[in-house]
file protein_28.txt (compact mmCIF, C-alpha atoms and all ligand atoms)
# COMPACT_ATOMS: atom_id res chain seq x y z
CA MET A 1 45.76 69.41 -102.34
CA ILE A 2 42.38 70.97 -101.64
CA PRO A 3 42.69 74.77 -101.92
CA LEU A 4 41.42 76.63 -98.84
CA LYS A 5 40.05 80.08 -99.64
CA ASN A 6 41.23 83.17 -97.77
CA PRO A 7 38.83 86.07 -97.06
CA GLU A 8 39.64 87.80 -100.36
CA ALA A 9 39.00 84.62 -102.36
CA ILE A 10 35.78 84.05 -100.43
CA LYS A 11 34.63 87.56 -101.23
CA ARG A 12 35.21 86.94 -104.93
CA MET A 13 33.54 83.52 -104.74
CA ARG A 14 30.47 85.21 -103.25
CA GLU A 15 30.32 87.55 -106.23
CA SER A 16 30.76 84.91 -108.94
CA CYS A 17 28.33 82.58 -107.20
CA SER A 18 25.63 85.23 -106.75
CA ILE A 19 25.92 86.07 -110.46
CA ALA A 20 25.65 82.38 -111.40
CA ALA A 21 22.57 82.05 -109.17
CA THR A 22 20.90 85.18 -110.52
CA VAL A 23 21.46 84.07 -114.11
CA LEU A 24 20.05 80.64 -113.27
CA ALA A 25 16.96 82.12 -111.58
CA ARG A 26 16.24 84.40 -114.53
CA LEU A 27 16.88 81.67 -117.09
CA LYS A 28 14.46 79.41 -115.23
CA GLU A 29 11.72 82.04 -115.70
CA GLN A 30 12.12 81.68 -119.48
CA VAL A 31 11.36 77.95 -119.55
CA ARG A 32 8.00 77.29 -121.25
CA PRO A 33 6.49 75.02 -123.90
CA GLY A 34 7.46 76.17 -127.41
CA ILE A 35 10.85 77.72 -126.65
CA THR A 36 13.93 76.07 -128.17
CA THR A 37 16.97 75.17 -126.10
CA TYR A 38 19.01 77.31 -128.50
CA ASP A 39 16.97 80.37 -127.50
CA LEU A 40 17.40 79.53 -123.81
CA ASP A 41 21.15 79.28 -124.30
CA GLN A 42 21.21 82.68 -126.05
CA ILE A 43 19.24 84.18 -123.16
CA GLY A 44 21.76 82.63 -120.76
CA ARG A 45 24.64 84.08 -122.75
CA ASP A 46 23.10 87.56 -122.64
CA LEU A 47 22.30 87.34 -118.92
CA ILE A 48 25.89 86.31 -118.12
CA ALA A 49 27.22 89.20 -120.22
CA SER A 50 24.85 91.65 -118.48
CA PHE A 51 26.76 91.04 -115.24
CA GLY A 52 30.14 91.51 -116.91
CA ALA A 53 30.84 87.83 -116.35
CA ARG A 54 31.97 85.07 -118.71
CA SER A 55 30.54 81.59 -119.28
CA ALA A 56 32.99 79.06 -117.90
CA CYS A 57 31.33 76.41 -120.08
CA HIS A 58 31.88 78.14 -123.42
CA GLY A 59 35.15 76.86 -124.83
CA TYR A 60 35.67 74.49 -121.91
CA GLN A 61 38.05 71.84 -123.15
CA LEU A 62 37.64 68.14 -122.57
CA HIS A 63 39.51 65.50 -124.60
CA SER A 64 40.48 68.07 -127.28
CA ARG A 65 36.85 69.16 -127.77
CA ARG A 66 35.59 72.62 -126.84
CA TYR A 67 32.11 73.02 -125.41
CA PRO A 68 30.22 75.11 -127.99
CA ALA A 69 27.39 76.63 -125.92
CA TYR A 70 27.13 79.05 -122.99
CA THR A 71 25.01 76.99 -120.63
CA CYS A 72 24.21 73.30 -120.30
CA LEU A 73 20.57 72.48 -121.10
CA SER A 74 19.60 68.85 -120.68
CA VAL A 75 16.07 67.67 -121.53
CA ASN A 76 14.35 64.54 -120.14
CA GLU A 77 16.75 61.57 -120.51
CA GLU A 78 19.68 63.96 -120.97
CA VAL A 79 21.62 63.97 -117.69
CA VAL A 80 24.13 66.80 -118.19
CA HIS A 81 26.02 68.82 -120.83
CA GLY A 82 23.13 69.10 -123.30
CA ILE A 83 23.88 71.67 -126.04
CA GLY A 84 21.16 74.17 -126.94
CA SER A 85 19.65 73.40 -130.34
CA LEU A 86 17.10 75.06 -132.62
CA LYS A 87 15.68 71.58 -133.22
CA ARG A 88 14.94 70.99 -129.53
CA ILE A 89 11.59 72.62 -128.84
CA LEU A 90 10.36 72.22 -125.27
CA ARG A 91 6.98 70.56 -124.92
CA ASP A 92 4.46 70.25 -122.12
CA GLY A 93 5.51 67.31 -119.91
CA ASP A 94 9.27 67.70 -120.47
CA VAL A 95 11.79 68.42 -117.74
CA ILE A 96 14.92 70.49 -118.36
CA SER A 97 18.11 70.79 -116.34
CA LEU A 98 19.77 74.21 -116.48
CA ASP A 99 23.45 74.33 -115.49
CA VAL A 100 25.08 77.77 -115.27
CA VAL A 101 28.80 78.22 -114.58
CA VAL A 102 30.26 81.73 -114.68
CA GLU A 103 33.67 83.25 -114.14
CA TYR A 104 33.88 86.74 -112.66
CA ASN A 105 36.99 88.49 -111.42
CA GLY A 106 39.00 85.26 -111.62
CA TYR A 107 36.61 83.04 -109.66
CA ILE A 108 33.93 80.56 -110.68
CA GLY A 109 30.35 80.05 -109.51
CA ASP A 110 28.58 76.82 -110.45
CA ASN A 111 24.91 75.89 -109.98
CA ALA A 112 22.14 73.89 -111.60
CA LEU A 113 18.51 72.90 -111.23
CA THR A 114 15.83 70.92 -113.03
CA VAL A 115 12.40 72.37 -113.78
CA PRO A 116 9.18 71.01 -115.22
CA VAL A 117 7.83 72.29 -118.54
CA GLY A 118 4.09 72.58 -117.99
CA THR A 119 2.56 69.52 -116.35
CA ILE A 120 4.80 66.50 -115.77
CA ALA A 121 4.18 62.88 -114.72
CA PRO A 122 3.84 62.41 -110.92
CA ARG A 123 6.83 60.08 -110.64
CA THR A 124 8.98 62.59 -112.56
CA ALA A 125 7.83 65.37 -110.23
CA GLU A 126 8.92 63.13 -107.35
CA LEU A 127 12.31 62.67 -109.04
CA LEU A 128 12.84 66.43 -109.06
CA GLN A 129 11.78 66.82 -105.41
CA VAL A 130 13.95 63.95 -104.21
CA THR A 131 17.02 65.20 -106.11
CA GLU A 132 16.63 68.71 -104.69
CA GLU A 133 16.22 67.31 -101.19
CA ALA A 134 19.22 64.99 -101.71
CA LEU A 135 21.29 68.09 -102.48
CA ALA A 136 20.07 69.74 -99.27
CA LEU A 137 20.96 66.63 -97.27
CA GLY A 138 24.40 66.45 -98.91
CA ILE A 139 25.03 70.13 -98.12
CA LYS A 140 24.13 69.49 -94.45
CA GLN A 141 27.05 67.07 -94.27
CA ALA A 142 29.54 69.66 -95.55
CA VAL A 143 30.81 70.57 -92.09
CA PRO A 144 34.40 70.63 -90.81
CA GLY A 145 35.37 67.30 -89.27
CA ASN A 146 33.13 65.32 -91.62
CA ARG A 147 34.47 63.63 -94.72
CA ILE A 148 33.47 63.89 -98.38
CA GLY A 149 32.11 60.34 -98.12
CA ASP A 150 29.54 61.63 -95.61
CA ILE A 151 28.11 63.87 -98.32
CA ALA A 152 28.16 60.99 -100.81
CA HIS A 153 26.44 58.62 -98.43
CA ALA A 154 23.72 61.10 -97.45
CA VAL A 155 22.84 61.68 -101.11
CA GLN A 156 22.92 58.04 -102.17
CA SER A 157 20.95 56.61 -99.26
CA PHE A 158 18.16 59.18 -99.57
CA VAL A 159 17.90 58.81 -103.36
CA GLU A 160 17.86 55.02 -103.27
CA SER A 161 15.31 54.92 -100.45
CA HIS A 162 12.92 56.53 -102.95
CA GLY A 163 13.69 53.97 -105.66
CA PHE A 164 15.78 56.30 -107.82
CA SER A 165 19.46 55.87 -108.77
CA VAL A 166 22.54 58.10 -108.64
CA VAL A 167 24.83 58.61 -111.61
CA ARG A 168 28.39 57.35 -110.99
CA GLU A 169 30.32 58.75 -113.96
CA MET A 170 30.07 62.44 -113.07
CA VAL A 171 30.77 63.88 -109.63
CA GLY A 172 30.70 67.15 -107.72
CA HIS A 173 33.95 68.99 -107.21
CA GLY A 174 35.88 71.72 -105.51
CA VAL A 175 35.51 75.04 -107.34
CA GLY A 176 37.46 78.31 -107.24
CA ARG A 177 39.84 79.80 -109.77
CA ALA A 178 39.23 76.65 -111.79
CA MET A 179 35.86 75.05 -112.50
CA HIS A 180 37.11 71.70 -111.28
CA GLU A 181 39.40 71.61 -108.25
CA GLU A 182 40.00 68.90 -105.71
CA PRO A 183 38.24 67.12 -104.16
CA GLN A 184 35.92 65.05 -106.30
CA ILE A 185 32.54 64.68 -104.59
CA PRO A 186 30.79 61.49 -105.65
CA ASN A 187 27.06 61.08 -105.07
CA PHE A 188 27.54 57.52 -103.84
CA GLY A 189 29.81 56.08 -101.20
CA ARG A 190 30.39 55.27 -97.57
CA LYS A 191 30.37 57.39 -94.43
CA GLY A 192 33.76 58.27 -92.98
CA THR A 193 35.62 57.84 -96.29
CA LEU A 194 37.48 60.25 -98.60
CA GLU A 195 38.92 63.68 -97.72
CA LYS A 196 38.39 65.44 -94.42
CA ILE A 197 36.39 68.67 -94.68
CA LYS A 198 38.02 71.85 -93.34
CA PRO A 199 36.77 75.45 -93.09
CA GLY A 200 37.37 77.55 -96.21
CA MET A 201 36.60 74.93 -98.84
CA THR A 202 34.29 75.88 -101.71
CA LEU A 203 32.49 72.79 -102.95
CA ALA A 204 30.11 72.26 -105.87
CA ILE A 205 27.76 69.54 -104.67
CA GLU A 206 25.66 68.19 -107.51
CA PRO A 207 23.55 65.04 -107.37
CA MET A 208 22.53 63.67 -110.78
CA VAL A 209 19.65 61.26 -110.27
CA ASN A 210 17.90 58.94 -112.73
CA LEU A 211 14.31 57.77 -112.49
CA GLY A 212 15.38 54.34 -113.77
CA ARG A 213 18.78 52.69 -113.78
CA HIS A 214 22.01 54.52 -112.98
CA GLU A 215 23.92 53.73 -116.18
CA VAL A 216 24.60 56.54 -118.66
CA ARG A 217 26.13 56.89 -122.11
CA SER A 218 27.40 59.78 -124.25
CA LEU A 219 25.85 60.96 -127.51
CA SER A 220 27.92 61.29 -130.68
CA ASP A 221 28.15 65.09 -130.19
CA GLY A 222 30.83 64.21 -127.64
CA TRP A 223 29.10 66.11 -124.81
CA THR A 224 25.52 65.16 -124.09
CA VAL A 225 25.24 62.46 -121.43
CA VAL A 226 21.96 60.47 -121.46
CA THR A 227 20.50 57.73 -119.32
CA ALA A 228 21.17 54.30 -120.85
CA ASP A 229 17.55 53.22 -120.28
CA GLY A 230 16.02 56.47 -121.60
CA SER A 231 14.44 57.34 -118.24
CA PRO A 232 14.32 61.01 -117.16
CA SER A 233 17.12 62.47 -115.07
CA ALA A 234 17.40 65.40 -112.65
CA HIS A 235 20.32 67.56 -111.52
CA PHE A 236 20.55 70.10 -108.70
CA GLU A 237 23.76 71.89 -107.76
CA HIS A 238 24.98 74.58 -105.38
CA THR A 239 28.40 76.00 -104.64
CA VAL A 240 28.88 75.85 -100.86
CA LEU A 241 31.44 77.41 -98.49
CA THR A 242 32.44 75.32 -95.48
CA THR A 243 32.76 77.27 -92.23
CA ASP A 244 33.12 76.53 -88.52
CA SER A 245 29.49 77.53 -88.11
CA GLY A 246 28.29 75.19 -90.88
CA PRO A 247 27.82 75.12 -94.65
CA GLU A 248 26.91 78.37 -96.41
CA ILE A 249 25.29 78.21 -99.84
CA LEU A 250 27.05 80.81 -102.03
CA THR A 251 24.88 80.39 -105.12
CA VAL A 252 22.08 82.63 -103.85
CA PRO A 253 20.49 85.08 -106.31
CA ARG A 254 20.90 88.83 -105.87
CA PRO A 255 17.79 90.83 -104.95
CA ALA A 256 15.61 91.67 -107.97
CA SER A 257 16.53 95.38 -107.84
CA ASP A 258 20.12 94.64 -108.97
N1 LIG A 301 28.41 71.96 -113.69
C1 LIG A 301 29.13 71.28 -114.76
C2 LIG A 301 30.38 70.67 -114.20
O1 LIG A 301 30.68 70.89 -113.06
C3 LIG A 301 29.38 72.23 -115.86
C4 LIG A 301 30.12 71.69 -117.01
S1 LIG A 301 30.38 72.93 -118.15
C5 LIG A 301 30.83 72.20 -119.62
O2 LIG A 301 31.07 69.89 -114.86
F1 LIG A 301 31.65 72.98 -120.16
F2 LIG A 301 31.36 71.01 -119.45
F3 LIG A 301 29.78 72.09 -120.33
CO CO A 302 29.64 71.49 -111.29
call {"tool": "encode", "arguments": {"input": "protein_28.txt", "output": "structure tokens"}}
result
Amino acid sequence: MIPLKNPEAIKRMRESCSIAATVLARLKEQVRPGITTYDLDQIGRDLIASFGARSACHGYQLHSRRYPAYTCLSVNEEVVHGIGSLKRILRDGDVISLDVVVEYNGYIGDNALTVPVGTIAPRTAELLQVTEEALALGIKQAVPGNRIGDIAHAVQSFVESHGFSVVREMVGHGVGRAMHEEPQIPNFGRKGTLEKIKPGMTLAIEPMVNLGRHEVRSLSDGWTVVTADGSPSAHFEHTVLTTDSGPEILTVPRPASD
């Protein structure tokens, strides 16, 4: 069953999502050569707390392990779920994916983006652009009457037409009271397949795209997912509300005065 959100739930989703987006935007401003991913995670923790929200990542349980950090910070060949570390110092030419998931007033907002650290290789810059655009194209398909496979197909065909590859092992998802609700939203697949989209769904659409091959593996920390071939990876994510008048991105930052 895919939960449909009533007006009260949508109101709360707007709040949690705008907090998640504001935290992400401010965290992004802190990315620079020389900073450690541990420090970025601490900044993320403090930003989340400043809104009276809670990290939905911290303590998140998967296979009897609890996620130890407050945000997910994944550098270069790390695809997702990188754990901030004092040993990981960002250097000019790196890319870093920032994934911020917050819970506020019982509802979750989930968003992510990948940014360059200083000057990056042209093909890596293209990877970031294509992944962000793939997300936009996927979101465009999130309209009532379409199916989840329409999102998947839009992402995959665009990404592959640029010679990049989509990760199969992790998928987007419904989001609401829980971080992961139905449906699963793969970034690969065929048009006209999977669940039918209705108004009132809140969907986290999140292409993970590799510069090289699509295969991934997990590090021994039990969390960090890396590309099998060591090529860089990018990740962009928004939480989106489906409506009769089209998709609405909920993970939009609050104005700076807040
Ligand atoms: N955006 C990620 C997801 O949807 C966040 C994972 S949080 C963690 O799965 F706890 F797994 F780190
Ligand atoms: Co997500």
call {"tool": "atom_distance", "arguments": {"input": "protein_28.txt", "atom1": "atom CA of Glu206 of chain A", "atom2": "atom CA of Ala234 of chain A"}}
result
10.1 Å
call {"tool": "atom_distance", "arguments": {"input": "protein_28.txt", "atom1": "atom CA of Val75 of chain A", "atom2": "atom CA of Glu126 of chain A"}}
result
16.5 Å
call {"tool": "atom_distance", "arguments": {"input": "protein_28.txt", "atom1": "atom CA of Ala154 of chain A", "atom2": "atom CA of Thr251 of chain A"}}
result
20.8 Å
call {"tool": "residues_near_ligand", "arguments": {"input": "protein_28.txt", "ligand": "ligand LIG 301 (chain A)", "cutoff": "8 Å", "atoms": "all atoms listed in the file", "output": "short mmCIF file (atom, residue, chain, number, x, y, z; two decimals) with C-alpha atoms, in the frame of the given file"}}
result
data_model
loop_
_atom_site.label_atom_id
_atom_site.label_comp_id
_atom_site.auth_asym_id
_atom_site.auth_seq_id
_atom_site.Cartn_x
_atom_site.Cartn_y
_atom_site.Cartn_z
CA ALA A 56 32.99 79.06 -117.90
CA CYS A 57 31.33 76.41 -120.08
CA HIS A 58 31.88 78.14 -123.42
CA GLY A 59 35.15 76.86 -124.83
CA TYR A 60 35.67 74.49 -121.91
CA GLN A 61 38.05 71.84 -123.15
CA LEU A 62 37.64 68.14 -122.57
CA ARG A 66 35.59 72.62 -126.84
CA TYR A 67 32.11 73.02 -125.41
CA ALA A 69 27.39 76.63 -125.92
CA TYR A 70 27.13 79.05 -122.99
CA THR A 71 25.01 76.99 -120.63
CA CYS A 72 24.21 73.30 -120.30
CA VAL A 80 24.13 66.80 -118.19
CA HIS A 81 26.02 68.82 -120.83
CA GLY A 82 23.13 69.10 -123.30
CA ASP A 99 23.45 74.33 -115.49
CA VAL A 100 25.08 77.77 -115.27
CA VAL A 101 28.80 78.22 -114.58
CA ASP A 110 28.58 76.82 -110.45
CA ASN A 111 24.91 75.89 -109.98
CA ALA A 112 22.14 73.89 -111.60
CA MET A 170 30.07 62.44 -113.07
CA VAL A 171 30.77 63.88 -109.63
CA GLY A 172 30.70 67.15 -107.72
CA HIS A 173 33.95 68.99 -107.21
CA MET A 179 35.86 75.05 -112.50
CA HIS A 180 37.11 71.70 -111.28
CA ALA A 204 30.11 72.26 -105.87
CA GLU A 206 25.66 68.19 -107.51
CA TRP A 223 29.10 66.11 -124.81
CA GLU A 237 23.76 71.89 -107.76
#
call {"tool": "closest_residue", "arguments": {"input": "protein_28.txt", "among": "A:Ser231, A:Gln30, A:Ser157, A:Asn146", "to": "Gly44 of chain A", "atoms": "all atoms listed in the file"}}
result
A:Gln30
call {"tool": "residues_near_point", "arguments": {"input": "protein_28.txt", "point": "(25.9, 75.8, -91.0)", "cutoff": "12 Å", "atoms": "only C-alpha atoms", "output": "VMD selection string"}}
result
chain A and resid 136 139 to 144 199 240 to 249
call {"tool": "closest_residue", "arguments": {"input": "protein_28.txt", "among": "A:Pro232, A:Thr227, A:Glu181, A:Asp46", "to": "ligand CO 302 (chain A)", "atoms": "all atoms listed in the file"}}
result
A:Glu181
call {"tool": "axis_aligned_box", "arguments": {"input": "protein_28.txt", "around": "segment 181-199 of chain A", "padding_each_side": "5 Å", "output": "lines of an AutoDock Vina configuration file"}}
result
center_x = 33.5
center_y = 65.4
center_z = -100.6
size_x = 22.9
size_y = 30.2
size_z = 25.3
call {"tool": "closest_residue", "arguments": {"input": "protein_28.txt", "among": "A:Phe158, A:Tyr107, A:Phe51, A:Phe188", "to": "Glu132 of chain A", "atoms": "only C-alpha atoms"}}
result
A:Phe158
call {"tool": "closest_residue", "arguments": {"input": "protein_28.txt", "among": "A:Cys17, A:Gly230, A:Tyr104, A:Leu4", "to": "ligand CO 302 (chain A)", "atoms": "all atoms listed in the file"}}
result
A:Cys17
call {"tool": "closest_residue", "arguments": {"input": "protein_28.txt", "among": "A:Leu128, A:Ile108, A:Ile96, A:Ala152", "to": "ligand CO 302 (chain A)", "atoms": "all atoms listed in the file"}}
result
A:Ile108
call {"tool": "closest_residue", "arguments": {"input": "protein_28.txt", "among": "A:Gly106, A:Pro3, A:Gly176, A:Gly34", "to": "ligand CO 302 (chain A)", "atoms": "all atoms listed in the file"}}
result
A:Gly176
call {"tool": "residues_near_point", "arguments": {"input": "protein_28.txt", "point": "(20.6, 58.2, -111.0)", "cutoff": "7 Å", "atoms": "only C-alpha atoms", "output": "list in words"}}
result
Phe164, Ser165, Val166, Val167, Met208, Val209, Asn210, Leu211, Arg213, His214 and Ser233 of chain A
call {"tool": "write_last_selection", "arguments": {"input": "protein_28.txt", "atoms": "C-alpha atoms", "output": "compact mmCIF listing (two decimals), in the frame of the given file"}}
result
# COMPACT_ATOMS: atom_id res chain seq x y z
CA PHE A 164 15.78 56.30 -107.82
CA SER A 165 19.46 55.87 -108.77
CA VAL A 166 22.54 58.10 -108.64
CA VAL A 167 24.83 58.61 -111.61
CA MET A 208 22.53 63.67 -110.78
CA VAL A 209 19.65 61.26 -110.27
CA ASN A 210 17.90 58.94 -112.73
CA LEU A 211 14.31 57.77 -112.49
CA ARG A 213 18.78 52.69 -113.78
CA HIS A 214 22.01 54.52 -112.98
CA SER A 233 17.12 62.47 -115.07
